[in-house]
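What follows is a set of notes on a single structure, which appears directly below.
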Amino acid sequence: MAARGETDWVSRFADEVISEAERRAPGKPVVCASGLSPSGPIHLGNLREVMTPHLVADEIRRRGVECVHLLSWDDYDRFRRVPAGVDPAWAEHIGKPLTAVPAPPGSTHANWAEHFKAPMIEAMAELGVRYRGISQTEQYTSGAYREQILLAVRERARIDAVLSRHRSKQVEDYFPYKPYCDLCGRDLTTVTAYDDETTELAYTCECGFGETVRLAEHDRGKLVWKVDWPMRWAYEGVIFEPSGVDHHSPGSAWTVGGQIVGDVFGGRQPIGPMYAFVGITGMAKMSSSKGDVPTPADALEIMEAPVLRWLYARRKPAQSFKIAFDQEIHRLYDEWDALGRKVATDQAQPAELAAYDRAVRTAEGPLPATPHPVPYRTLASIVDITTGDTEQTLRILRDLDGIGGLDQARPRLDRAQHWVDDHLPADQRTRVRESPDEELLDSIGPGERESLRLLADGLDDWSLDGLTTLVYGVPKLQAGLAADAAPTPELKAAQRAFFALLYRLLVGRDTGPRLPTLLLAVGADRVRKLVGG
Ligand SMILES: [Zn+2]
């Protein structure tokens, strides 16, 4: 269990949020909030919008304090544009709520918003994120916000005054509510008259339609964004809601919302740290069939949930970081495994331990872990060499690490397999030669021939340690040195030359996966054949 107090950023926010909740709403559950727009594939960069409040809410729950994490689906927002790859005919739906737009062709989902929510919901389940989803379509169309809408419209001059401090041009007849047209369903509407007494509202639409409705009974429209957000802070009693850097410039939704929530809705702005951008690297090589937007589901295909959680837990919200889809993921996993060893031997610093603990479990319990975590880079090499053949993979893992069944290496093995399939560039794939490179074998000198014979003769100790000793030892033996001799520049050069020769003979390139792993994967008989032994 992570220690309380000044352990890490999550603990510090939990302290602050709990005491603020006690001041604002004593005896009620603490409310943390996120918002996502399912206007298209939900970008991996947006996961921070969910993970930041999740980690804080989870810490609050770990302390035995009741806490709800609300996730607002902004699915009543207008459909703005047709993304690349979707039938241009969808342009006719621009201006409709996202839940009124048909799902993209071929989808099994009821509408556009549901189609893009679904993979995010799945990813959050895998990440252990517990939340209460709120569809803004349901909220608005059920009339849940009716009083708040009437209030905002009544107070429109006050809202206009707040907004006008941040805009250069004066807006005439400012109106904070936008009806969706009753005929065409789009928001290409203009409010032409409003009667505060009767709440009668007249609007016209670009489609030619127009009507007069009573706002007190009207459930086909929404507050504009800069009013909608603070309305919801007050309505839900949100205590903690971080937001991206783009919401924090002067005149932006966060800034003006802070005034509107108090002036109009009698509520208070949440504690809301700004979180920095999360970059994505190494996606260029990703298969185009999946679209060009990296999503949380894409990240979870190549890394286990605890590792992805760890990226968010270990960095303060204000720190930006990158999620790598290229070779960099090997280094990330090395770091993760090193931390796991430190934790297991009680050598981790308090902040490291806290981040690790938040990564591997939630208040509800531990996340699935790989029972026998072979290094990711080794797994990637193995599935690369075996092209995913399960029998060969099991044989190698047994020789390598005494693994009795592939399930012991899962789910990490499956993530490495996905990484090799989707992100290892074709020119870096390892293809073990079918037949010996006779031309190369004929061209080498007696010293090289001798080194290959020593290797072939030494293949009996068929373990990772044995093969490591062997490949480093052959050049020592040739130089007349003892097996435990310290490396000299000459010896290192000889080892490099020997390794390059082996790579060329085994895989036809100058480099490849670590040699002991490669030898294990190729198998003793085939190694002997390829080195002419
Ligand atoms: Zn219309």
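Here, A, B, ... name the chains of the structure tokens in the order displayed, residue numbers run from 1 inside each chain, and ligands are numbered from 1 in the same displayed order.
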
Output as a Markdown table one row per residue of chain A within 12 Å of ligand 1: the closest atom pair and its distance in Å to one decimal place, counting only C-alpha atoms and all ligand atoms, sorted by chain and residue number ascending.
| residue | atom | partner | partner_atom_place_in_ligand_line | distance |
| --- | --- | --- | --- | --- |
| A:Glu92 | CA | ligand 1 | 1 (Zn) | 11.6 |
| A:His93 | CA | ligand 1 | 1 (Zn) | 11.2 |
| A:Ile94 | CA | ligand 1 | 1 (Zn) | 11.5 |
| A:Gly95 | CA | ligand 1 | 1 (Zn) | 9.5 |
| A:Lys96 | CA | ligand 1 | 1 (Zn) | 9.8 |
| A:Pro179 | CA | ligand 1 | 1 (Zn) | 10.0 |
| A:Tyr180 | CA | ligand 1 | 1 (Zn) | 7.7 |
| A:Cys181 | CA | ligand 1 | 1 (Zn) | 4.5 |
| A:Asp182 | CA | ligand 1 | 1 (Zn) | 6.6 |
| A:Leu183 | CA | ligand 1 | 1 (Zn) | 5.1 |
| A:Cys184 | CA | ligand 1 | 1 (Zn) | 4.0 |
| A:Gly185 | CA | ligand 1 | 1 (Zn) | 6.0 |
| A:Arg186 | CA | ligand 1 | 1 (Zn) | 5.7 |
| A:Asp187 | CA | ligand 1 | 1 (Zn) | 7.3 |
| A:Leu188 | CA | ligand 1 | 1 (Zn) | 6.5 |
| A:Thr189 | CA | ligand 1 | 1 (Zn) | 7.0 |
| A:Thr190 | CA | ligand 1 | 1 (Zn) | 10.3 |
| A:Tyr203 | CA | ligand 1 | 1 (Zn) | 9.9 |
| A:Thr204 | CA | ligand 1 | 1 (Zn) | 7.7 |
| A:Cys205 | CA | ligand 1 | 1 (Zn) | 4.6 |
| A:Glu206 | CA | ligand 1 | 1 (Zn) | 5.9 |
| A:Cys207 | CA | ligand 1 | 1 (Zn) | 4.3 |
| A:Gly208 | CA | ligand 1 | 1 (Zn) | 6.4 |
| A:Phe209 | CA | ligand 1 | 1 (Zn) | 5.4 |
| A:Gly210 | CA | ligand 1 | 1 (Zn) | 7.8 |
| A:Glu211 | CA | ligand 1 | 1 (Zn) | 10.3 |

**OP:** Skip Ala33 of chain A itself and residues of its chain fewer than 6 positions away, then list as a VMD selection string all residues within 6 Å of it, counting only C-alpha atoms.
**Re:** chain A and resid 69 to 71 241

**OP:** Would you return as a PyMOL selection string the members of segment 358-399 of chain A that DSSP assigns to alpha helix (DSSP H) on this structure's backbone?
**Re:** chain A and resi 358-360+376-386+390-399

Would you mind exporting N, CA and C atoms of the selected residues as an mmCIF file, in the first residue's frame?
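out00.cif was written with the following content:
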data_model
loop_
_atom_site.group_PDB
_atom_site.id
_atom_site.type_symbol
_atom_site.label_atom_id
_atom_site.label_comp_id
_atom_site.auth_asym_id
_atom_site.auth_seq_id
_atom_site.Cartn_x
_atom_site.Cartn_y
_atom_site.Cartn_z
ATOM 1 N N ARG A 358 0.514 2.203 -7.911
ATOM 2 C CA ARG A 358 -0.645 2.727 -8.641
ATOM 3 C C ARG A 358 -0.767 2.068 -10.006
ATOM 4 N N ALA A 359 0.379 1.600 -10.531
ATOM 5 C CA ALA A 359 0.377 0.968 -11.847
ATOM 6 C C ALA A 359 -0.196 -0.451 -11.776
ATOM 7 N N VAL A 360 0.177 -1.200 -10.734
ATOM 8 C CA VAL A 360 -0.154 -2.628 -10.723
ATOM 9 C C VAL A 360 -1.506 -2.943 -10.099
ATOM 10 N N TYR A 376 10.935 -7.994 -22.379
ATOM 11 C CA TYR A 376 10.138 -7.713 -23.579
ATOM 12 C C TYR A 376 10.986 -7.830 -24.847
ATOM 13 N N ARG A 377 12.225 -7.293 -24.780
ATOM 14 C CA ARG A 377 13.063 -7.313 -25.992
ATOM 15 C C ARG A 377 13.402 -8.752 -26.383
ATOM 16 N N THR A 378 13.544 -9.618 -25.392
ATOM 17 C CA THR A 378 13.825 -11.026 -25.686
ATOM 18 C C THR A 378 12.603 -11.672 -26.334
ATOM 19 N N LEU A 379 11.418 -11.399 -25.764
ATOM 20 C CA LEU A 379 10.190 -11.945 -26.343
ATOM 21 C C LEU A 379 10.008 -11.454 -27.776
ATOM 22 N N ALA A 380 10.298 -10.174 -27.993
ATOM 23 C CA ALA A 380 10.143 -9.617 -29.341
ATOM 24 C C ALA A 380 11.093 -10.323 -30.311
ATOM 25 N N SER A 381 12.330 -10.564 -29.855
ATOM 26 C CA SER A 381 13.286 -11.278 -30.714
ATOM 27 C C SER A 381 12.775 -12.682 -31.037
ATOM 28 N N ILE A 382 12.250 -13.342 -30.024
ATOM 29 C CA ILE A 382 11.810 -14.724 -30.228
ATOM 30 C C ILE A 382 10.655 -14.785 -31.228
ATOM 31 N N VAL A 383 9.635 -13.952 -31.038
ATOM 32 C CA VAL A 383 8.508 -14.042 -31.969
ATOM 33 C C VAL A 383 8.896 -13.539 -33.358
ATOM 34 N N ASP A 384 9.868 -12.641 -33.407
ATOM 35 C CA ASP A 384 10.380 -12.208 -34.708
ATOM 36 C C ASP A 384 11.031 -13.389 -35.428
ATOM 37 N N ILE A 385 11.918 -14.097 -34.717
ATOM 38 C CA ILE A 385 12.660 -15.202 -35.336
ATOM 39 C C ILE A 385 11.747 -16.378 -35.673
ATOM 40 N N THR A 386 10.812 -16.682 -34.776
ATOM 41 C CA THR A 386 9.958 -17.858 -34.994
ATOM 42 C C THR A 386 8.730 -17.510 -35.831
ATOM 43 N N THR A 390 4.026 -21.106 -32.257
ATOM 44 C CA THR A 390 3.895 -21.291 -30.806
ATOM 45 C C THR A 390 4.765 -22.445 -30.302
ATOM 46 N N GLU A 391 4.889 -23.505 -31.093
ATOM 47 C CA GLU A 391 5.684 -24.655 -30.637
ATOM 48 C C GLU A 391 7.156 -24.265 -30.471
ATOM 49 N N GLN A 392 7.664 -23.565 -31.503
ATOM 50 C CA GLN A 392 9.057 -23.109 -31.437
ATOM 51 C C GLN A 392 9.262 -22.117 -30.301
ATOM 52 N N THR A 393 8.276 -21.230 -30.149
ATOM 53 C CA THR A 393 8.379 -20.219 -29.097
ATOM 54 C C THR A 393 8.452 -20.873 -27.725
ATOM 55 N N LEU A 394 7.618 -21.875 -27.522
ATOM 56 C CA LEU A 394 7.630 -22.575 -26.240
ATOM 57 C C LEU A 394 8.965 -23.294 -26.027
ATOM 58 N N ARG A 395 9.471 -23.930 -27.087
ATOM 59 C CA ARG A 395 10.768 -24.626 -26.963
ATOM 60 C C ARG A 395 11.859 -23.651 -26.520
ATOM 61 N N ILE A 396 11.877 -22.470 -27.153
ATOM 62 C CA ILE A 396 12.919 -21.498 -26.827
ATOM 63 C C ILE A 396 12.753 -20.976 -25.404
ATOM 64 N N LEU A 397 11.510 -20.677 -25.036
ATOM 65 C CA LEU A 397 11.277 -20.142 -23.693
ATOM 66 C C LEU A 397 11.621 -21.191 -22.634
ATOM 67 N N ARG A 398 11.409 -22.455 -22.967
ATOM 68 C CA ARG A 398 11.764 -23.528 -22.023
ATOM 69 C C ARG A 398 13.291 -23.559 -21.859
ATOM 70 N N ASP A 399 14.005 -23.529 -22.986
ATOM 71 C CA ASP A 399 15.473 -23.553 -22.924
ATOM 72 C C ASP A 399 16.015 -22.301 -22.240
#

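Comparing A:Ala348, A:Met124, A:Leu467, A:Ala313 by their smallest distance to Trp9 of chain A, the closest is A:Ala313 (using only C-alpha atoms).
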
Each residue of segment 401-494 of chain A with at least one atom at most 8 Å from segment 503-526 of chain A should appear once, together with its nearest atom pair and the corresponding distance in Å (one decimal); atoms considered: only C-alpha atoms; ordering: chain, then increasing residue number; output as CSV.
residue,atom,partner,partner_atom,distance
A:Thr430,CA,A:Val507,CA,6.4
A:Arg431,CA,A:Val507,CA,5.6
A:Val432,CA,A:Val507,CA,4.5
A:Arg433,CA,A:Val507,CA,5.4
A:Pro436,CA,A:Leu505,CA,6.9
A:Asp437,CA,A:Leu505,CA,6.2
A:Leu440,CA,A:Leu505,CA,7.7
A:Leu459,CA,A:Ala524,CA,6.6
A:Trp462,CA,A:Leu520,CA,7.4
A:Ser463,CA,A:Leu520,CA,7.6
A:Leu464,CA,A:Pro516,CA,5.9
A:Leu467,CA,A:Pro516,CA,5.3
A:Thr468,CA,A:Pro516,CA,5.4
A:Val471,CA,A:Pro516,CA,7.4

**OP:** Excluding Gln319 of chain A and any residue of its chain fewer than 4 positions from it, enumerate the residues within 12 Å of it, using only C-alpha atoms, and give them as a list in words.
**Re:**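 Once the nearby chain positions are removed, what remains is Trp9, Arg48, Gly244, Val245, Pro273, Met274, Tyr275, Ala276, Phe277, Val278, Gly279, Leu311, Tyr312, Ala313, Arg314 and Arg315 of chain A.
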
Can you write out the residues you just picked, keeping all heavy atoms, as a CSV table (one decimal), in the first residue's frame?
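For reference, result.csv as written:
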chain,number,residue,atom,x,y,z
A,9,TRP,N,2.7,13.0,-6.4
A,9,TRP,CA,1.7,14.0,-6.8
A,9,TRP,C,0.2,13.5,-6.6
A,9,TRP,O,-0.6,14.3,-6.3
A,9,TRP,CB,1.9,14.5,-8.3
A,9,TRP,CG,1.6,13.4,-9.3
A,9,TRP,CD1,2.4,12.5,-9.9
A,9,TRP,CD2,0.3,13.2,-9.9
A,9,TRP,NE1,1.8,11.8,-10.8
A,9,TRP,CE2,0.5,12.1,-10.9
A,9,TRP,CE3,-1.0,13.7,-9.8
A,9,TRP,CZ2,-0.6,11.6,-11.7
A,9,TRP,CZ3,-2.0,13.2,-10.6
A,9,TRP,CH2,-1.8,12.2,-11.5
A,48,ARG,N,-4.9,11.1,-20.9
A,48,ARG,CA,-4.5,11.8,-19.7
A,48,ARG,C,-5.7,12.5,-19.1
A,48,ARG,O,-5.8,12.7,-17.8
A,48,ARG,CB,-3.5,12.9,-20.0
A,48,ARG,CG,-2.6,13.2,-18.8
A,48,ARG,CD,-1.4,14.0,-19.2
A,48,ARG,NE,-0.4,13.8,-18.1
A,48,ARG,CZ,0.9,14.3,-18.2
A,48,ARG,NH1,1.3,15.0,-19.2
A,48,ARG,NH2,1.7,14.0,-17.2
A,244,GLY,N,-6.7,20.1,-20.3
A,244,GLY,CA,-5.5,20.3,-21.1
A,244,GLY,C,-5.1,21.7,-21.2
A,244,GLY,O,-5.8,22.6,-21.0
A,245,VAL,N,-3.9,21.9,-21.7
A,245,VAL,CA,-3.2,23.2,-21.8
A,245,VAL,C,-4.1,24.1,-22.7
A,245,VAL,O,-4.1,25.3,-22.4
A,245,VAL,CB,-1.8,23.0,-22.2
A,245,VAL,CG1,-1.7,22.5,-23.6
A,245,VAL,CG2,-1.0,24.3,-22.0
A,273,PRO,N,-5.9,21.1,-12.1
A,273,PRO,CA,-4.5,21.3,-12.7
A,273,PRO,C,-4.6,21.2,-14.2
A,273,PRO,O,-5.4,20.5,-14.8
A,273,PRO,CB,-3.7,20.1,-12.1
A,273,PRO,CG,-4.7,19.1,-11.8
A,273,PRO,CD,-6.0,19.8,-11.4
A,274,MET,N,-3.7,21.9,-14.8
A,274,MET,CA,-3.5,21.8,-16.2
A,274,MET,C,-2.6,20.7,-16.5
A,274,MET,O,-1.6,20.5,-15.8
A,274,MET,CB,-2.8,23.1,-16.7
A,274,MET,CG,-2.7,23.3,-18.1
A,274,MET,SD,-1.9,24.9,-18.4
A,274,MET,CE,-0.2,24.5,-18.2
A,275,TYR,N,-2.9,19.8,-17.4
A,275,TYR,CA,-2.0,18.7,-17.7
A,275,TYR,C,-1.3,19.0,-19.1
A,275,TYR,O,-1.9,19.6,-20.0
A,275,TYR,CB,-2.7,17.4,-17.7
A,275,TYR,CG,-3.9,17.2,-18.5
A,275,TYR,CD1,-3.8,16.9,-19.9
A,275,TYR,CD2,-5.1,17.2,-18.0
A,275,TYR,CE1,-4.9,16.8,-20.7
A,275,TYR,CE2,-6.3,17.0,-18.8
A,275,TYR,CZ,-6.1,16.8,-20.1
A,275,TYR,OH,-7.2,16.6,-20.9
A,276,ALA,N,-0.1,18.5,-19.2
A,276,ALA,CA,0.7,18.8,-20.4
A,276,ALA,C,0.4,17.7,-21.4
A,276,ALA,O,-0.1,16.7,-21.1
A,276,ALA,CB,2.2,18.8,-20.0
A,277,PHE,N,0.9,18.1,-22.6
A,277,PHE,CA,0.7,17.2,-23.8
A,277,PHE,C,1.4,15.9,-23.6
A,277,PHE,O,2.5,15.8,-23.1
A,277,PHE,CB,1.3,18.1,-24.9
A,277,PHE,CG,1.1,17.5,-26.3
A,277,PHE,CD1,-0.1,17.4,-26.8
A,277,PHE,CD2,2.2,17.0,-27.0
A,277,PHE,CE1,-0.3,16.9,-28.1
A,277,PHE,CE2,2.1,16.5,-28.2
A,277,PHE,CZ,0.8,16.4,-28.8
A,278,VAL,N,0.8,14.8,-24.1
A,278,VAL,CA,1.4,13.5,-24.2
A,278,VAL,C,1.7,13.3,-25.7
A,278,VAL,O,0.8,13.2,-26.5
A,278,VAL,CB,0.5,12.4,-23.6
A,278,VAL,CG1,1.2,11.0,-23.8
A,278,VAL,CG2,0.3,12.7,-22.1
A,279,GLY,N,3.0,13.1,-26.0
A,279,GLY,CA,3.3,12.9,-27.4
A,279,GLY,C,3.4,11.4,-27.8
A,279,GLY,O,3.5,10.6,-26.9
A,311,LEU,N,3.1,5.0,-16.9
A,311,LEU,CA,3.6,6.3,-17.6
A,311,LEU,C,2.9,7.5,-17.0
A,311,LEU,O,3.5,8.6,-16.9
A,311,LEU,CB,3.3,6.1,-19.1
A,311,LEU,CG,4.1,5.1,-19.8
A,311,LEU,CD1,3.6,5.0,-21.3
A,311,LEU,CD2,5.6,5.4,-19.8
A,312,TYR,N,1.6,7.3,-16.6
A,312,TYR,CA,0.8,8.5,-16.1
A,312,TYR,C,1.1,8.7,-14.6
A,312,TYR,O,1.1,9.8,-14.1
A,312,TYR,CB,-0.7,8.3,-16.3
A,312,TYR,CG,-1.0,8.3,-17.8
A,312,TYR,CD1,-1.0,7.2,-18.6
A,312,TYR,CD2,-1.3,9.5,-18.4
A,312,TYR,CE1,-1.2,7.2,-20.0
A,312,TYR,CE2,-1.6,9.6,-19.7
A,312,TYR,CZ,-1.6,8.5,-20.5
A,312,TYR,OH,-1.8,8.5,-21.9
A,313,ALA,N,1.3,7.6,-13.9
A,313,ALA,CA,1.4,7.7,-12.4
A,313,ALA,C,2.8,8.3,-12.1
A,313,ALA,O,2.9,9.1,-11.1
A,313,ALA,CB,1.3,6.3,-11.8
A,314,ARG,N,3.8,8.1,-12.9
A,314,ARG,CA,5.1,8.5,-12.5
A,314,ARG,C,5.4,10.0,-12.8
A,314,ARG,O,6.4,10.5,-12.4
A,314,ARG,CB,6.2,7.6,-13.0
A,314,ARG,CG,6.4,7.6,-14.5
A,314,ARG,CD,7.5,6.7,-14.9
A,314,ARG,NE,7.7,6.7,-16.4
A,314,ARG,CZ,8.8,6.4,-17.0
A,314,ARG,NH1,9.9,6.1,-16.3
A,314,ARG,NH2,8.9,6.3,-18.3
A,315,ARG,N,4.6,10.5,-13.7
A,315,ARG,CA,4.9,11.9,-14.1
A,315,ARG,C,3.8,12.8,-13.6
A,315,ARG,O,2.6,12.5,-13.7
A,315,ARG,CB,4.8,12.0,-15.7
A,315,ARG,CG,5.9,11.2,-16.3
A,315,ARG,CD,7.1,12.0,-16.8
A,315,ARG,NE,8.0,11.1,-17.6
A,315,ARG,CZ,9.1,10.6,-17.1
A,315,ARG,NH1,9.4,10.7,-15.8
A,315,ARG,NH2,9.8,9.8,-17.9

Original post:
Which polymer residues have any atom within 12 Å of an atom of segment 162-173 of chain A, counting only C-alpha atoms, with same-chain residues fewer than 2 positions away left out, as an MDAnalysis selection string?
Top reply: chainID A and resid 153 155:160 175:177 190:194 226:227 249:264

Subject >> DSSP strand (DSSP E or B) residues within segment 322-495 of chain A, listed as a count of residues only >> reply: 7

**OP:** Would you kindly return, as a ChimeraX atom specification, each protein, DNA or RNA residue with an atom no farther than 9 Å from any atom of Asp407 of chain A, considering only C-alpha atoms and excluding same-chain residues fewer than 4 positions away?
**Re:** /A:370-372,411,413

Please, could you write that set of residues out with N, CA and C atoms as a CSV table (one decimal), in the first residue's frame?
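Output file part_14.csv follows:
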chain,number,residue,atom,x,y,z
A,370,THR,N,1.8,-10.7,-15.8
A,370,THR,CA,2.5,-11.8,-16.4
A,370,THR,C,3.2,-12.6,-15.4
A,371,PRO,N,2.8,-13.9,-15.2
A,371,PRO,CA,3.5,-14.7,-14.1
A,371,PRO,C,5.0,-14.8,-14.2
A,372,HIS,N,5.5,-15.0,-15.4
A,372,HIS,CA,6.9,-15.1,-15.7
A,372,HIS,C,7.3,-14.1,-16.7
A,411,PRO,N,0.2,-12.0,-20.3
A,411,PRO,CA,0.0,-11.4,-21.6
A,411,PRO,C,1.2,-10.7,-22.2
A,413,LEU,N,3.8,-11.8,-23.6
A,413,LEU,CA,4.2,-12.4,-24.9
A,413,LEU,C,3.3,-11.9,-26.0

Subject >> Best match for closeness to His115 of chain A among A:Gly45, A:Pro38, A:Val86, A:Leu502, counting only C-alpha atoms >> reply: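 Among the listed residues, A:Pro38 lies closest to His115 of chain A.
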
Original post:
If we count only C-alpha atoms, what is near Val17 of chain A at a cut-off of 10 Å, once residues fewer than 5 positions away on the same chain are taken out, given as a list in words?
Top reply: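 After dropping sequence-adjacent residues, the list is Ser11, Arg12, Glu22, Arg23, Val30, Val31, Cys32, Val56, Ala57, Ile60, Ile239, Phe240, Pro270 and Ile271 of chain A.
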
Original post:
Which neighbours of segment 329-333 of chain A fall inside 8 Å, counting only C-alpha atoms, when residues of the same chain fewer than 2 positions from it are skipped, and could you give them as a PyMOL selection string?
Top reply: chain A and resi 307+324-327+335-337+375-377

Those residues with all heavy atoms, as a compact mmCIF listing (two decimals), in the first residue's frame please?
# COMPACT_ATOMS: atom_id res chain seq x y z
N VAL A 307 1.88 -1.13 -17.31
CA VAL A 307 2.96 -0.31 -17.87
C VAL A 307 2.40 1.02 -18.38
O VAL A 307 2.97 2.09 -18.15
CB VAL A 307 3.72 -1.08 -18.97
CG1 VAL A 307 4.80 -0.21 -19.60
CG2 VAL A 307 4.32 -2.36 -18.41
N ALA A 324 5.98 5.61 -26.74
CA ALA A 324 6.72 5.14 -27.91
C ALA A 324 6.14 3.86 -28.47
O ALA A 324 5.85 2.92 -27.73
CB ALA A 324 8.18 4.93 -27.55
N PHE A 325 5.99 3.84 -29.78
CA PHE A 325 5.57 2.61 -30.47
C PHE A 325 6.75 1.97 -31.20
O PHE A 325 6.60 0.93 -31.81
CB PHE A 325 4.45 2.93 -31.47
CG PHE A 325 3.10 3.10 -30.82
CD1 PHE A 325 2.78 4.28 -30.17
CD2 PHE A 325 2.17 2.07 -30.85
CE1 PHE A 325 1.54 4.43 -29.55
CE2 PHE A 325 0.93 2.22 -30.24
CZ PHE A 325 0.62 3.40 -29.58
N ASP A 326 7.92 2.61 -31.14
CA ASP A 326 9.08 2.05 -31.84
C ASP A 326 9.95 1.26 -30.84
O ASP A 326 9.49 0.88 -29.77
CB ASP A 326 9.87 3.16 -32.54
CG ASP A 326 10.23 4.29 -31.57
OD1 ASP A 326 10.15 4.07 -30.34
OD2 ASP A 326 10.58 5.39 -32.04
N GLN A 327 11.23 1.06 -31.20
CA GLN A 327 12.15 0.25 -30.37
C GLN A 327 12.26 0.77 -28.93
O GLN A 327 12.66 0.03 -28.04
CB GLN A 327 13.57 0.25 -30.98
CG GLN A 327 13.65 -0.16 -32.42
CD GLN A 327 13.86 -1.64 -32.61
OE1 GLN A 327 14.01 -2.38 -31.65
NE2 GLN A 327 13.87 -2.08 -33.85
N GLU A 335 13.20 -0.61 -18.01
CA GLU A 335 13.07 0.26 -16.84
C GLU A 335 12.00 -0.28 -15.89
O GLU A 335 12.16 -0.28 -14.67
CB GLU A 335 12.59 1.66 -17.30
CG GLU A 335 13.61 2.74 -17.31
CD GLU A 335 12.94 4.07 -17.64
OE1 GLU A 335 12.79 4.40 -18.84
OE2 GLU A 335 12.53 4.77 -16.70
N TRP A 336 10.91 -0.71 -16.49
CA TRP A 336 9.78 -1.24 -15.69
C TRP A 336 10.23 -2.51 -14.93
O TRP A 336 9.95 -2.65 -13.74
CB TRP A 336 8.62 -1.54 -16.64
CG TRP A 336 7.48 -2.30 -16.04
CD1 TRP A 336 7.11 -3.58 -16.32
CD2 TRP A 336 6.54 -1.83 -15.06
NE1 TRP A 336 6.01 -3.94 -15.59
CE2 TRP A 336 5.64 -2.88 -14.80
CE3 TRP A 336 6.39 -0.62 -14.38
CZ2 TRP A 336 4.60 -2.76 -13.89
CZ3 TRP A 336 5.35 -0.51 -13.47
CH2 TRP A 336 4.47 -1.57 -13.23
N ASP A 337 10.95 -3.38 -15.61
CA ASP A 337 11.40 -4.61 -14.95
C ASP A 337 12.42 -4.30 -13.85
O ASP A 337 12.42 -4.94 -12.79
CB ASP A 337 12.01 -5.59 -15.97
CG ASP A 337 10.95 -6.24 -16.85
OD1 ASP A 337 9.75 -6.18 -16.48
OD2 ASP A 337 11.30 -6.79 -17.91
N PRO A 375 12.13 -10.66 -20.33
CA PRO A 375 12.31 -9.31 -20.89
C PRO A 375 11.59 -9.14 -22.24
O PRO A 375 11.63 -10.02 -23.09
CB PRO A 375 13.82 -9.20 -21.06
CG PRO A 375 14.38 -10.11 -20.02
CD PRO A 375 13.39 -11.25 -19.90
N TYR A 376 10.93 -7.99 -22.38
CA TYR A 376 10.14 -7.71 -23.58
C TYR A 376 10.99 -7.83 -24.85
O TYR A 376 10.56 -8.39 -25.85
CB TYR A 376 9.56 -6.31 -23.44
CG TYR A 376 8.53 -5.90 -24.46
CD1 TYR A 376 7.18 -6.07 -24.18
CD2 TYR A 376 8.89 -5.31 -25.66
CE1 TYR A 376 6.21 -5.66 -25.09
CE2 TYR A 376 7.93 -4.91 -26.58
CZ TYR A 376 6.59 -5.08 -26.29
OH TYR A 376 5.63 -4.67 -27.20
N ARG A 377 12.23 -7.29 -24.78
CA ARG A 377 13.06 -7.31 -25.99
C ARG A 377 13.40 -8.75 -26.38
O ARG A 377 13.51 -9.06 -27.56
CB ARG A 377 14.31 -6.46 -25.81
CG ARG A 377 15.25 -6.88 -24.71
CD ARG A 377 16.55 -6.08 -24.76
NE ARG A 377 16.45 -4.73 -24.23
CZ ARG A 377 16.70 -3.62 -24.95
NH1 ARG A 377 17.06 -3.72 -26.21
NH2 ARG A 377 16.62 -2.44 -24.40

Contacts between segment 280-283 of chain A and segment 2-90 of chain A, please, where a residue of segment 2-90 of chain A counts if it comes within 12 Å (with only C-alpha atoms); show its shortest atom pair and distance in Å to one decimal, rows by chain and ascending number, as CSV.
residue,atom,partner,partner_atom,distance
A:His43,CA,A:Ile280,CA,10.0
A:Leu44,CA,A:Ile280,CA,8.0
A:Gly45,CA,A:Ile280,CA,7.5
A:Asn46,CA,A:Ile280,CA,11.3
A:Leu47,CA,A:Ile280,CA,11.9

Subject >> Residue nearest Tyr145 of chain A - candidates A:Asp77, A:Glu236, A:Glu200, A:Glu114, atoms counted: only C-alpha atoms >> reply: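 Once distances to Tyr145 of chain A are computed over only C-alpha atoms, the minimum belongs to A:Glu236.
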
**OP:** Quick one: pull the distance between atom CA of Pro368 of chain A and atom CA of Ala14 of chain A, Å, one decimal.
**Re:**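 Computed distance, atom CA of Pro368 of chain A to atom CA of Ala14 of chain A, equals 25.3 Å.
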